[in-house]
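Asks: Sending over a structure as structure tokens; questions will come in a sec.
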Amino acid sequence: MPRELIVVQVGQCGNQIGSIFWSEALNEHASYNKKGQFDAGTSVLFRNVDTRFSDPKEIPVGDGTAPVKTLRARAVLVDMEEGVVNELMRGPLRDLFDSRQLITDVSGSGNNWAQGYNDYGVRYRDQLLEKVRRPVEHCDSLQSFFFLHSLGGGTGSGTGCYVLQLLEDAYPDVYRFVTAVFPSEDDDVITSPYNSALALRVLKEHASCVLPIANDALIKMTNAMTAKAEVSQQLGRVLPPQSVSPWESVSVRAPGRPGHGRGRKTHQHPFSKMNGIVANLLLDLTSSMRFEGTLNIDLNEITTNLVPYP
């Protein structure tokens with residue numbers, strides 16, 4: 001039986017990481033699934049739908065040999081500034097997301113945790129629950145929620161914490177894995193330490209497992225990659241293929257039948273390399289669920305293995 005994951009992307013950082021995560025996930029399944037069949041591994045993150053109907057008809061996994069018609073991501077996108085989500089919906093991944101599972105506003109949270117939590121969270125409470133309910137009902141056996149956000153801003157930290165509490169109240173038996181990006185020491189947002197402190201209290205109480213990502217560490221890794229590339233260019237040498245990082249250039253396939261379609265490069269944002277590192281970390285974390293192998297385990301077992309027993 002397939003065990004599905006629902007990805008909840010909150011704020012600018014969460015949605016930018018999510019865009020790379022989904023494009024790389026498509027490429028991985030396209031490379032592995034050459035026949036273009038909708039199997040149990042693909043159904044972990046994607047739905048297979050027939051878009052000839054006004055309300056796209058769900059195509060079940062069955063015996064895993066049904067052809068892929070149109071893939072839809074099991075995702076909910078939330079941002080109180082519409083720029084990142086609008087760019088995503090105009091890009092090559094636009095057909096991957098269901099427009100009924102998006103929530104955006106215009107003015108943003110102003111890097112204020114309280115604005116995101118007490119204002120936008122309360123204001124959009126019913127809509128948030130409805131947006132999550134739809135993908136949950138499309139799951140046969142929901143395993144966990146995968147939460148992507150940062151702690152430095154207002155929407156990611158404030159609204160993200162509110163959404164996390166809603167998930168616990170509405171689905172208490174479903175694990176909540178939180179990927180939280182911590183601000184760097186020299187962050188230019190003056191309120192980021194306060195936002196992080198307030199968000200950490202909520203994560204401690206309502207998250208099943210927190211995967212902390214340090215911005216400082218990402219900066220050091222990308223600087224090292226850039227320095228290595230510059231030295232290689234100066235010496236007139238080209239890095240061997242096995243040394244090229246998978247996040248250097250993100251190739252995106254249009255949603256549809258895996259393995260078909262021409263690859264396209266996404267627009268490179270200033271933080272695309274850093275977000276790519278996080279996206280590939282999450283893909284590696286979920287690979288045991290999505291592909292067959294001797295280490296095929298439930299994602300929920302990670303929390304058991306991390307807890308020391310006397």
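Each chain in the structure tokens gets a letter, A, B and so on, in the order shown; residues start at 1 in every chain, and ligands are counted from 1 in the order they appear.
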Excluding same-chain residues fewer than 3 positions from Gly64 in chain A, what lies within 7 Å of it counting only C-alpha atoms, as a VMD selection string?

Replies: chain A and resid 37 to 40 61

Asks: Report the residues of range 50-152 of chain A whose backbone DSSP state falls under alpha helix (DSSP H), written as a list in words.

Replies: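 Those in range 50-152 of chain A that DSSP calls alpha helix (DSSP H) are Gly83, Val84, Val85, Asn86, Glu87, Leu88, Met89, Arg90, Trp113, Ala114, Val122, Arg123, Arg125, Asp126, Gln127, Leu128, Leu129, Glu130, Lys131, Val132, Arg133, Arg134, Pro135, Val136 and Glu137 of chain A.
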
Asks: Between CA of Gln143 in chain A and CA of Gln9 in chain A, what distance in Å does the model show, to one decimal?

Replies: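 Distance between the two atoms: 17.2 Å.
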
Asks: Which is closer to Asp188 in chain A than all the others in A:Pro212, A:Pro172, A:Gly152, A:Gly36, using only C-alpha atoms?

Replies: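 Nearest candidate to Asp188 in chain A out of A:Pro212, A:Pro172, A:Gly152, A:Gly36: A:Gly152.
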
Asks: I need the strand (DSSP E or B) residues of range 43-114 of chain A per DSSP on the backbone, written as a PyMOL selection string.

Replies: chain A and resi 46-50+57-58+67+70-73+75-79+102-104

Asks: Quick one: write out the picked residues with C-alpha atoms as a short mmCIF file (atom, residue, chain, number, x, y, z; two decimals), in the first residue's frame?

Replies:
data_model
loop_
_atom_site.label_atom_id
_atom_site.label_comp_id
_atom_site.auth_asym_id
_atom_site.auth_seq_id
_atom_site.Cartn_x
_atom_site.Cartn_y
_atom_site.Cartn_z
CA PHE A 46 2.39 12.80 -6.74
CA ARG A 47 -1.19 12.19 -7.79
CA ASN A 48 -2.12 10.87 -11.24
CA VAL A 49 -5.17 12.66 -12.66
CA ASP A 50 -7.15 12.81 -15.87
CA LYS A 57 -10.44 12.52 -12.07
CA GLU A 58 -8.14 10.61 -9.73
CA PRO A 67 0.30 5.06 -17.49
CA THR A 70 -0.95 14.29 -15.59
CA LEU A 71 0.94 14.54 -12.33
CA ARG A 72 -0.21 16.76 -9.48
CA ALA A 73 1.98 17.46 -6.48
CA ALA A 75 1.43 20.08 -1.83
CA VAL A 76 -0.07 23.13 -0.16
CA LEU A 77 1.53 26.51 -0.92
CA VAL A 78 1.15 29.37 1.57
CA ASP A 79 2.70 32.86 1.36
CA LEU A 102 -2.69 27.90 -2.83
CA ILE A 103 -3.12 30.71 -0.30
CA THR A 104 -1.54 34.10 -0.93
#

Asks: Would you work out the distance separating CA of Thr51 in chain A from CA of Lys69 in chain A, expressed in Å to one decimal?

Replies: 8.1 Å

Asks: What lies within 10 Å of Arg3 in chain A using only C-alpha atoms, ignoring chain neighbours under 6 positions off, as a ChimeraX atom specification?

Replies: /A:40-41,43-45,139-144,289-290,298-299

Asks: Near Asn280 in chain A, within 10 Å and counting only C-alpha atoms, which residues show up once chain neighbours fewer than 3 positions away are dropped, as a PyMOL selection string?

Replies: chain A and resi 17+20-21+24-25+246-247+275-277+283-286

Asks: Give the answer as one residue: which of A:Asn15, A:Ser208, A:Ser272, A:Gln115 has the shortest atom-to-atom distance to Val85 in chain A, using only C-alpha atoms?

Replies: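 Once distances to Val85 in chain A are computed over only C-alpha atoms, the minimum belongs to A:Asn15.
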
Asks: With only C-alpha atoms as the atoms that count, which of A:Asn112, A:Gln101, A:Thr42, A:Thr191 lies nearest to Val8 in chain A?

Replies: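 Using only C-alpha atoms, Val8 in chain A sits closest to A:Gln101.
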
Asks: Could you state the separation of CA of Ser192 in chain A and CA of Thr179 in chain A in Å, given to one decimal place?

Replies: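 Computing it gives 17.0 Å between the two atoms.
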
Asks: Excluding same-chain residues fewer than 5 positions from Leu151 in chain A, what lies within 12 Å of it counting only C-alpha atoms, as a PyMOL selection string?

Replies: chain A and resi 10-14+111-113+116+156-161+178-184+187+189+191-203+212-215

Asks: Create the file for the chosen residues now, containing N, CA and C atoms and written as a compact mmCIF listing (two decimals), in the first residue's frame.

Replies:
# COMPACT_ATOMS: atom_id res chain seq x y z
N VAL A 10 5.60 27.11 3.31
CA VAL A 10 5.12 28.35 3.89
C VAL A 10 6.18 29.42 3.77
N GLY A 11 5.82 30.59 3.27
CA GLY A 11 6.73 31.72 3.18
C GLY A 11 7.61 31.67 1.95
N GLN A 12 8.39 32.73 1.77
CA GLN A 12 9.24 32.83 0.59
C GLN A 12 10.28 31.73 0.55
N CYS A 13 10.96 31.52 1.65
CA CYS A 13 12.01 30.49 1.70
C CYS A 13 11.42 29.11 1.45
N GLY A 14 10.32 28.78 2.13
CA GLY A 14 9.72 27.47 1.96
C GLY A 14 9.29 27.19 0.54
N ASN A 111 8.11 40.81 8.26
CA ASN A 111 9.14 40.21 9.12
C ASN A 111 8.73 40.24 10.60
N ASN A 112 7.44 40.08 10.85
CA ASN A 112 6.91 40.16 12.20
C ASN A 112 6.17 38.85 12.52
N TRP A 113 6.71 38.09 13.47
CA TRP A 113 6.11 36.80 13.85
C TRP A 113 4.65 36.97 14.27
N GLY A 116 2.26 37.43 11.33
CA GLY A 116 1.98 36.19 10.62
C GLY A 116 1.13 35.23 11.42
N GLY A 156 6.96 32.78 7.25
CA GLY A 156 7.49 31.44 7.49
C GLY A 156 7.45 31.06 8.96
N SER A 157 7.83 32.00 9.83
CA SER A 157 7.86 31.70 11.26
C SER A 157 6.47 31.81 11.89
N GLY A 158 5.79 32.94 11.70
CA GLY A 158 4.51 33.17 12.35
C GLY A 158 3.38 32.35 11.78
N THR A 159 3.08 32.54 10.49
CA THR A 159 2.01 31.78 9.86
C THR A 159 2.35 30.29 9.82
N GLY A 160 3.64 29.99 9.62
CA GLY A 160 4.06 28.59 9.62
C GLY A 160 3.76 27.90 10.94
N CYS A 161 4.02 28.57 12.05
CA CYS A 161 3.73 27.99 13.36
C CYS A 161 2.23 27.79 13.54
N VAL A 178 9.34 18.82 10.20
CA VAL A 178 9.55 20.24 9.93
C VAL A 178 10.99 20.48 9.50
N THR A 179 11.16 21.03 8.31
CA THR A 179 12.48 21.50 7.85
C THR A 179 12.53 23.00 8.08
N ALA A 180 13.27 23.41 9.09
CA ALA A 180 13.31 24.81 9.51
C ALA A 180 14.68 25.41 9.19
N VAL A 181 14.69 26.47 8.39
CA VAL A 181 15.93 27.16 8.04
C VAL A 181 16.18 28.27 9.06
N PHE A 182 17.28 28.16 9.77
CA PHE A 182 17.62 29.16 10.79
C PHE A 182 18.39 30.32 10.16
N PRO A 183 18.12 31.56 10.58
CA PRO A 183 18.80 32.72 9.99
C PRO A 183 20.28 32.72 10.34
N SER A 184 21.07 33.37 9.49
CA SER A 184 22.51 33.47 9.72
C SER A 184 22.81 34.51 10.78
N ASP A 187 22.28 38.19 9.69
CA ASP A 187 21.04 38.38 8.94
C ASP A 187 20.66 39.87 8.96
N VAL A 189 17.72 41.10 8.57
CA VAL A 189 16.39 41.31 9.17
C VAL A 189 16.58 41.44 10.68
N THR A 191 14.58 41.70 13.09
CA THR A 191 13.66 40.95 13.96
C THR A 191 13.85 39.45 13.90
N SER A 192 14.79 38.96 13.08
CA SER A 192 14.92 37.51 12.90
C SER A 192 15.25 36.75 14.19
N PRO A 193 16.07 37.28 15.12
CA PRO A 193 16.29 36.54 16.38
C PRO A 193 15.01 36.37 17.19
N TYR A 194 14.17 37.40 17.21
CA TYR A 194 12.91 37.32 17.96
C TYR A 194 11.95 36.35 17.28
N ASN A 195 11.87 36.44 15.95
CA ASN A 195 11.00 35.51 15.21
C ASN A 195 11.42 34.06 15.45
N SER A 196 12.72 33.82 15.44
CA SER A 196 13.23 32.46 15.64
C SER A 196 12.92 31.95 17.04
N ALA A 197 13.12 32.80 18.04
CA ALA A 197 12.86 32.39 19.43
C ALA A 197 11.39 32.04 19.63
N LEU A 198 10.50 32.86 19.10
CA LEU A 198 9.07 32.59 19.24
C LEU A 198 8.66 31.33 18.48
N ALA A 199 9.26 31.13 17.29
CA ALA A 199 8.91 29.95 16.50
C ALA A 199 9.44 28.66 17.14
N LEU A 200 10.61 28.73 17.74
CA LEU A 200 11.20 27.53 18.35
C LEU A 200 10.31 26.97 19.46
N ARG A 201 9.68 27.84 20.21
CA ARG A 201 8.79 27.37 21.27
C ARG A 201 7.64 26.54 20.69
N VAL A 202 7.09 27.00 19.56
CA VAL A 202 5.98 26.28 18.93
C VAL A 202 6.47 24.97 18.32
N LEU A 203 7.64 24.99 17.69
CA LEU A 203 8.18 23.77 17.09
C LEU A 203 8.43 22.70 18.15
N PRO A 212 16.80 20.89 11.52
CA PRO A 212 17.32 22.27 11.47
C PRO A 212 18.33 22.45 10.36
N ILE A 213 18.19 23.53 9.61
CA ILE A 213 19.12 23.89 8.53
C ILE A 213 19.72 25.26 8.87
N ALA A 214 21.02 25.33 9.01
CA ALA A 214 21.68 26.58 9.38
C ALA A 214 22.09 27.34 8.12
N ASN A 215 21.63 28.57 8.01
CA ASN A 215 21.99 29.40 6.86
C ASN A 215 23.49 29.60 6.76

Asks: Find, counting only C-alpha atoms, the residue in A:Lys228, A:Ser19, A:Tyr171, A:Gly110 that gets nearest to Arg94 in chain A.

Replies: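 Smallest separation from Arg94 in chain A among the options: A:Ser19.
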
Asks: Just checking: using only C-alpha atoms, which residue out of A:Ile6, A:Leu218, A:Leu93, A:Ala30 ends up closest to Arg133 in chain A?

Replies: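 The shortest atom-to-atom distance to Arg133 in chain A comes from A:Ile6.
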